[in-house]
Amino acid sequence: MESKVTKNTLRISSWRVNLSGNSAALRSRLQEQISRAMVYSGIPQLILETIPLERCSDNTGVAYRSAIALKLSRAMQQSPLAIAHQLTVSLPTITQDGGKQNLIEFEVEVAPPGWINFWLTDHGLATWLQDWIQPSTDTLISFRPQQGQKNLLPYLELSNQHSALLTQDTSKIFRVQYAHARCCSLLRLAHRQGLIQIQSMDLKTSRGLIVVPDPIPWLKDDLGTQTNQQLIQFVHPAERLLIGQIMDLTDYFSGTESKNWLKLASSVSNAFEQFYRSCRIWGEVKHQTPRLAQARLGLVGVTQVVLRSLLEEQLGVPAPGEL
């Protein structure tokens with residue numbers, strides 16, 4: 001059901017927290033910071049996994065929504081809005097001189113009846129994607145007040161995690177392996193044509209997959225008319241879907257629930273195939289908008305890293321570089 005998100009007039013100081021260790025799993029990191037805000041507000045802590053937080057669908061970006069204030073309202077005998085504002089101003093802050101540390105930036109707002117919404121900025125998304133290509137040990141997360149109005153829709157989860165990995169289906173595994181091999185083929189072709197430079201032709205490195213360009217041009221050159229900031233290159237629904245599937249996968253990976261790894265891998269590989277069919281890299285895109293071609297190749301690289309990890313580490317099968 002669609003829900004309107006009103007603009008938050010509360011000014012919130014920008015804050016950052018070190019994300020080294022598992023910067024890809026945004027949900028668990030946000031839950032950690034909500035938990036810290038509860039401590040600073042004098043609110044008894046909850047088990048981290050019980051802090052309500054869901055990723056929501058939005059046509060223009062990535063958002064998470066927490067109902068923690070609604071959950072605490074009855075026990076604290078306060079209005080959800082008051083608790084939500086209290087928590088947002090209690091988010092842990094550190095000094096603003098982050099130097100060259102990477103920032104995963106969110107906009108944060110409070111919306112009736114007590115939602116706390118976290119919007120991943122385009123710059124934050126670019127940093128999150130780059131961390132897959134060139135993992136950093138000092139990636140940080142940052143929050144600032146949300147500007148303008150946006151709509152949130154509850155995001156449908158990838159699968160119901162009722163059991164551990166089910167009996168492996170050979171045809172489904174092959175489709176995942178095929179998607180991985182296609183990623184490798186695209187990256188090697190782009191390397192040979194000079195669009196990018198990859199560190200190793202076997203594409204089995206866990207760090208520095210694409211070494212040129214560095215960083216990947218995830219963001220457009222021009223500034224957005226409303227935000228006066230660089231915007232993400234990815235506007236096609238297939239690009240957004242693939243990013244969302246990878247983001248959900250990393251959130252599931254950090255969770256404690258049982259996981260159907262084959263179903264998760266199939267969701268990512270299916271999203272990649274849709275991206276491959278819908279989003280061109282060669283031809284006019286390569287010659288007229290080479291930065292977009294490089295950004296899409298960066299997304300191919302992220303997908304390759306994710307699929308290789310799923311195949312080899314979770315499903316226990318080879319991740320072929322070609323078929």
# chains A, B, ... in the order shown; residues from 1 in each chain; ligands from 1
call {"tool": "residues_around", "arguments": {"residues": "Val235 of chain A", "least_positions_apart": "3", "cutoff": "12 Å", "atoms": "only C-alpha atoms", "output": "list in words"}}
result
Asp58, Asn59, Thr60, Gly61, Asp122, Trp218, Leu219, Lys220, Leu231, Ile232, Ala238, Glu239, Arg240, Leu241, Leu242, Ile243, Phe275, Ser278, Cys279, Leu292, Ala295 and Arg296 of chain A
call {"tool": "write_last_selection", "arguments": {"atoms": "C-alpha atoms", "output": "PDB file, in the first residue's frame"}}
result
ATOM      1  CA  ASP A  58      10.744   3.790  -4.837  1.00  0.00           C
ATOM      2  CA  ASN A  59      11.085   4.592  -8.515  1.00  0.00           C
ATOM      3  CA  THR A  60      13.908   7.049  -7.989  1.00  0.00           C
ATOM      4  CA  GLY A  61      16.113   5.615  -5.260  1.00  0.00           C
ATOM      5  CA  ASP A 122      23.003   9.103  -5.130  1.00  0.00           C
ATOM      6  CA  TRP A 218      28.687   6.001 -11.211  1.00  0.00           C
ATOM      7  CA  LEU A 219      27.559   9.639 -11.161  1.00  0.00           C
ATOM      8  CA  LYS A 220      26.670  11.951 -14.033  1.00  0.00           C
ATOM      9  CA  LEU A 231      23.003  12.238  -9.893  1.00  0.00           C
ATOM     10  CA  ILE A 232      23.464   8.509 -10.303  1.00  0.00           C
ATOM     11  CA  ALA A 238      16.230  -2.836 -14.972  1.00  0.00           C
ATOM     12  CA  GLU A 239      19.293  -1.144 -13.492  1.00  0.00           C
ATOM     13  CA  ARG A 240      17.351  -0.243 -10.349  1.00  0.00           C
ATOM     14  CA  LEU A 241      15.974  -3.778 -10.065  1.00  0.00           C
ATOM     15  CA  LEU A 242      19.419  -5.357 -10.247  1.00  0.00           C
ATOM     16  CA  ILE A 243      20.820  -2.979  -7.630  1.00  0.00           C
ATOM     17  CA  PHE A 275      19.445  -5.738 -17.180  1.00  0.00           C
ATOM     18  CA  SER A 278      17.388  -3.832 -21.543  1.00  0.00           C
ATOM     19  CA  CYS A 279      20.533  -1.748 -20.960  1.00  0.00           C
ATOM     20  CA  LEU A 292      27.370   5.410 -18.850  1.00  0.00           C
ATOM     21  CA  ALA A 295      29.028   2.619 -15.083  1.00  0.00           C
ATOM     22  CA  ARG A 296      27.005  -0.275 -16.496  1.00  0.00           C
TER      23      ARG A 296
END
call {"tool": "residues_around", "arguments": {"residues": "Leu310 of chain A", "least_positions_apart": "3", "cutoff": "9 Å", "atoms": "only C-alpha atoms", "output": "number ranges by chain"}}
result
A: 261-262, 264-265, 305-307, 313-317, 319
call {"tool": "select_by_dssp", "arguments": {"residues": "segment 228-295 of chain A", "states": "alpha helix (DSSP H)", "output": "MDAnalysis selection string"}}
result
chainID A and resid 237:254 261:278 284:288 290:295
call {"tool": "write_last_selection", "arguments": {"atoms": "N, CA and C atoms", "output": "CSV table (one decimal), in the first residue's frame"}}
result
chain,number,residue,atom,x,y,z
A,237,PRO,N,14.6,1.1,-15.1
A,237,PRO,CA,14.1,0.2,-14.1
A,237,PRO,C,14.9,-1.1,-14.0
A,238,ALA,N,15.5,-1.6,-15.1
A,238,ALA,CA,16.2,-2.8,-15.0
A,238,ALA,C,17.5,-2.6,-14.2
A,239,GLU,N,18.1,-1.5,-14.3
A,239,GLU,CA,19.3,-1.1,-13.5
A,239,GLU,C,18.9,-1.1,-12.0
A,240,ARG,N,17.8,-0.4,-11.7
A,240,ARG,CA,17.4,-0.2,-10.3
A,240,ARG,C,17.0,-1.6,-9.7
A,241,LEU,N,16.4,-2.5,-10.6
A,241,LEU,CA,16.0,-3.8,-10.1
A,241,LEU,C,17.2,-4.6,-9.7
A,242,LEU,N,18.2,-4.6,-10.5
A,242,LEU,CA,19.4,-5.4,-10.2
A,242,LEU,C,20.1,-4.9,-9.0
A,243,ILE,N,20.2,-3.5,-8.8
A,243,ILE,CA,20.8,-3.0,-7.6
A,243,ILE,C,20.0,-3.4,-6.4
A,244,GLY,N,18.7,-3.3,-6.5
A,244,GLY,CA,17.8,-3.7,-5.4
A,244,GLY,C,18.0,-5.1,-5.0
A,245,GLN,N,18.1,-6.0,-6.0
A,245,GLN,CA,18.2,-7.5,-5.7
A,245,GLN,C,19.6,-7.7,-5.0
A,246,ILE,N,20.6,-7.0,-5.4
A,246,ILE,CA,21.9,-7.2,-4.7
A,246,ILE,C,21.9,-6.6,-3.3
A,247,MET,N,21.2,-5.5,-3.2
A,247,MET,CA,21.1,-4.9,-1.9
A,247,MET,C,20.3,-5.8,-0.9
A,248,ASP,N,19.2,-6.3,-1.4
A,248,ASP,CA,18.5,-7.2,-0.5
A,248,ASP,C,19.3,-8.5,-0.2
A,249,LEU,N,20.0,-9.0,-1.1
A,249,LEU,CA,20.8,-10.2,-0.9
A,249,LEU,C,21.8,-9.9,0.3
A,250,THR,N,22.5,-8.8,0.2
A,250,THR,CA,23.5,-8.5,1.3
A,250,THR,C,22.8,-8.3,2.6
A,251,ASP,N,21.6,-7.7,2.6
A,251,ASP,CA,20.9,-7.6,3.9
A,251,ASP,C,20.5,-9.0,4.4
A,252,TYR,N,20.0,-9.9,3.6
A,252,TYR,CA,19.7,-11.2,4.0
A,252,TYR,C,20.9,-11.9,4.5
A,253,PHE,N,22.1,-11.7,3.8
A,253,PHE,CA,23.3,-12.4,4.2
A,253,PHE,C,23.7,-12.1,5.6
A,254,SER,N,23.5,-10.8,6.1
A,254,SER,CA,23.9,-10.4,7.4
A,254,SER,C,22.8,-10.8,8.5
A,261,TRP,N,19.7,-20.2,-0.6
A,261,TRP,CA,20.7,-19.6,-1.4
A,261,TRP,C,20.5,-19.7,-2.9
A,262,LEU,N,19.9,-20.8,-3.3
A,262,LEU,CA,19.7,-21.0,-4.7
A,262,LEU,C,18.6,-20.1,-5.2
A,263,LYS,N,17.6,-19.9,-4.4
A,263,LYS,CA,16.5,-18.9,-4.8
A,263,LYS,C,17.0,-17.5,-4.8
A,264,LEU,N,17.9,-17.1,-3.8
A,264,LEU,CA,18.5,-15.8,-3.8
A,264,LEU,C,19.4,-15.6,-5.0
A,265,ALA,N,20.2,-16.6,-5.3
A,265,ALA,CA,21.1,-16.5,-6.5
A,265,ALA,C,20.3,-16.4,-7.8
A,266,SER,N,19.2,-17.1,-7.9
A,266,SER,CA,18.4,-17.1,-9.1
A,266,SER,C,17.7,-15.7,-9.2
A,267,SER,N,17.4,-15.1,-8.1
A,267,SER,CA,16.8,-13.7,-8.2
A,267,SER,C,17.8,-12.7,-8.8
A,268,VAL,N,19.0,-12.8,-8.3
A,268,VAL,CA,20.1,-11.9,-8.8
A,268,VAL,C,20.4,-12.2,-10.3
A,269,SER,N,20.5,-13.5,-10.6
A,269,SER,CA,20.8,-13.8,-12.0
A,269,SER,C,19.7,-13.4,-13.0
A,270,ASN,N,18.4,-13.6,-12.5
A,270,ASN,CA,17.3,-13.2,-13.4
A,270,ASN,C,17.3,-11.7,-13.6
A,271,ALA,N,17.6,-10.9,-12.5
A,271,ALA,CA,17.6,-9.5,-12.6
A,271,ALA,C,18.7,-9.0,-13.5
A,272,PHE,N,19.9,-9.8,-13.5
A,272,PHE,CA,21.0,-9.4,-14.4
A,272,PHE,C,20.6,-9.7,-15.8
A,273,GLU,N,19.9,-10.8,-16.1
A,273,GLU,CA,19.5,-11.1,-17.5
A,273,GLU,C,18.6,-10.0,-18.0
A,274,GLN,N,17.7,-9.5,-17.1
A,274,GLN,CA,16.8,-8.5,-17.6
A,274,GLN,C,17.6,-7.2,-17.8
A,275,PHE,N,18.6,-6.9,-17.0
A,275,PHE,CA,19.4,-5.7,-17.2
A,275,PHE,C,20.2,-5.9,-18.5
A,276,TYR,N,20.7,-7.1,-18.8
A,276,TYR,CA,21.5,-7.3,-20.0
A,276,TYR,C,20.7,-7.1,-21.2
A,277,ARG,N,19.4,-7.5,-21.2
A,277,ARG,CA,18.5,-7.4,-22.3
A,277,ARG,C,18.1,-5.9,-22.5
A,278,SER,N,18.0,-5.2,-21.5
A,278,SER,CA,17.4,-3.8,-21.5
A,278,SER,C,18.4,-2.7,-21.6
A,284,GLU,N,26.1,2.8,-29.8
A,284,GLU,CA,25.9,4.2,-29.5
A,284,GLU,C,26.3,4.6,-28.1
A,285,VAL,N,25.9,3.7,-27.2
A,285,VAL,CA,26.2,4.0,-25.7
A,285,VAL,C,27.7,4.1,-25.5
A,286,LYS,N,28.4,3.2,-26.1
A,286,LYS,CA,29.9,3.2,-25.9
A,286,LYS,C,30.5,4.5,-26.5
A,287,HIS,N,30.1,4.9,-27.7
A,287,HIS,CA,30.7,6.0,-28.4
A,287,HIS,C,30.2,7.3,-28.0
A,288,GLN,N,28.9,7.4,-27.7
A,288,GLN,CA,28.3,8.7,-27.3
A,288,GLN,C,28.3,9.0,-25.8
A,290,PRO,N,30.3,7.2,-23.1
A,290,PRO,CA,31.2,6.2,-22.6
A,290,PRO,C,31.2,6.1,-21.0
A,291,ARG,N,30.9,7.2,-20.3
A,291,ARG,CA,30.8,7.1,-18.9
A,291,ARG,C,29.6,6.2,-18.4
A,292,LEU,N,28.5,6.3,-19.2
A,292,LEU,CA,27.4,5.4,-18.8
A,292,LEU,C,27.7,4.0,-19.1
A,293,ALA,N,28.4,3.7,-20.2
A,293,ALA,CA,28.9,2.4,-20.6
A,293,ALA,C,29.8,1.8,-19.4
A,294,GLN,N,30.7,2.7,-18.9
A,294,GLN,CA,31.6,2.2,-17.9
A,294,GLN,C,30.8,2.0,-16.6
A,295,ALA,N,29.8,2.8,-16.3
A,295,ALA,CA,29.0,2.6,-15.1
A,295,ALA,C,28.3,1.3,-15.2
call {"tool": "atom_distance", "arguments": {"atom1": "atom CA of Ala179 of chain A", "atom2": "atom CA of Trp132 of chain A"}}
result
17.9 Å
call {"tool": "closest_residue", "arguments": {"among": "A:Ala181, A:Glu105, A:Pro52, A:Asp131", "to": "Leu72 of chain A", "atoms": "only C-alpha atoms"}}
result
A:Pro52
call {"tool": "closest_residue", "arguments": {"among": "A:Leu189, A:Ala84, A:Leu299, A:Leu120", "to": "Leu26 of chain A", "atoms": "only C-alpha atoms"}}
result
A:Leu120
call {"tool": "atom_distance", "arguments": {"atom1": "atom CA of Ser200 of chain A", "atom2": "atom CA of Leu187 of chain A"}}
result
10.4 Å
call {"tool": "residues_around", "arguments": {"residues": "Ala69 of chain A", "least_positions_apart": "6", "cutoff": "8 Å", "atoms": "only C-alpha atoms", "output": "ChimeraX atom specification"}}
result
/A:80-81,83-84,114-116
call {"tool": "write_last_selection", "arguments": {"atoms": "N, CA, C and O atoms", "output": "tab-separated table (two decimals), in the first residue's frame"}}
result
chain	number	residue	atom	x	y	z
A	80	PRO	N	4.25	8.34	18.91
A	80	PRO	CA	5.31	7.84	18.02
A	80	PRO	C	6.12	8.96	17.38
A	80	PRO	O	7.34	8.83	17.23
A	81	LEU	N	5.47	10.07	17.03
A	81	LEU	CA	6.20	11.18	16.42
A	81	LEU	C	7.24	11.76	17.36
A	81	LEU	O	8.37	12.06	16.97
A	83	ILE	N	8.75	10.22	19.84
A	83	ILE	CA	9.84	9.25	19.99
A	83	ILE	C	10.73	9.27	18.75
A	83	ILE	O	11.96	9.22	18.84
A	84	ALA	N	10.11	9.34	17.58
A	84	ALA	CA	10.88	9.35	16.34
A	84	ALA	C	11.80	10.56	16.27
A	84	ALA	O	12.98	10.44	15.92
A	114	GLY	N	4.85	8.21	12.70
A	114	GLY	CA	6.05	8.03	13.51
A	114	GLY	C	7.13	7.25	12.80
A	114	GLY	O	8.01	6.68	13.43
A	115	TRP	N	7.04	7.21	11.47
A	115	TRP	CA	8.08	6.53	10.70
A	115	TRP	C	9.38	7.32	10.74
A	115	TRP	O	9.38	8.54	10.76
A	116	ILE	N	10.50	6.57	10.71
A	116	ILE	CA	11.79	7.17	10.47
A	116	ILE	C	12.27	6.63	9.13
A	116	ILE	O	12.43	5.42	8.96
call {"tool": "closest_residue", "arguments": {"among": "A:Asp214, A:Glu322, A:Glu32, A:Glu49", "to": "Thr127 of chain A", "atoms": "only C-alpha atoms"}}
result
A:Asp214
call {"tool": "closest_residue", "arguments": {"among": "A:Ser90, A:Ser309, A:Gln193, A:Gln199", "to": "Arg36 of chain A", "atoms": "only C-alpha atoms"}}
result
A:Ser90
call {"tool": "atom_distance", "arguments": {"atom1": "atom CA of Leu297 of chain A", "atom2": "atom CA of Leu129 of chain A"}}
result
11.7 Å
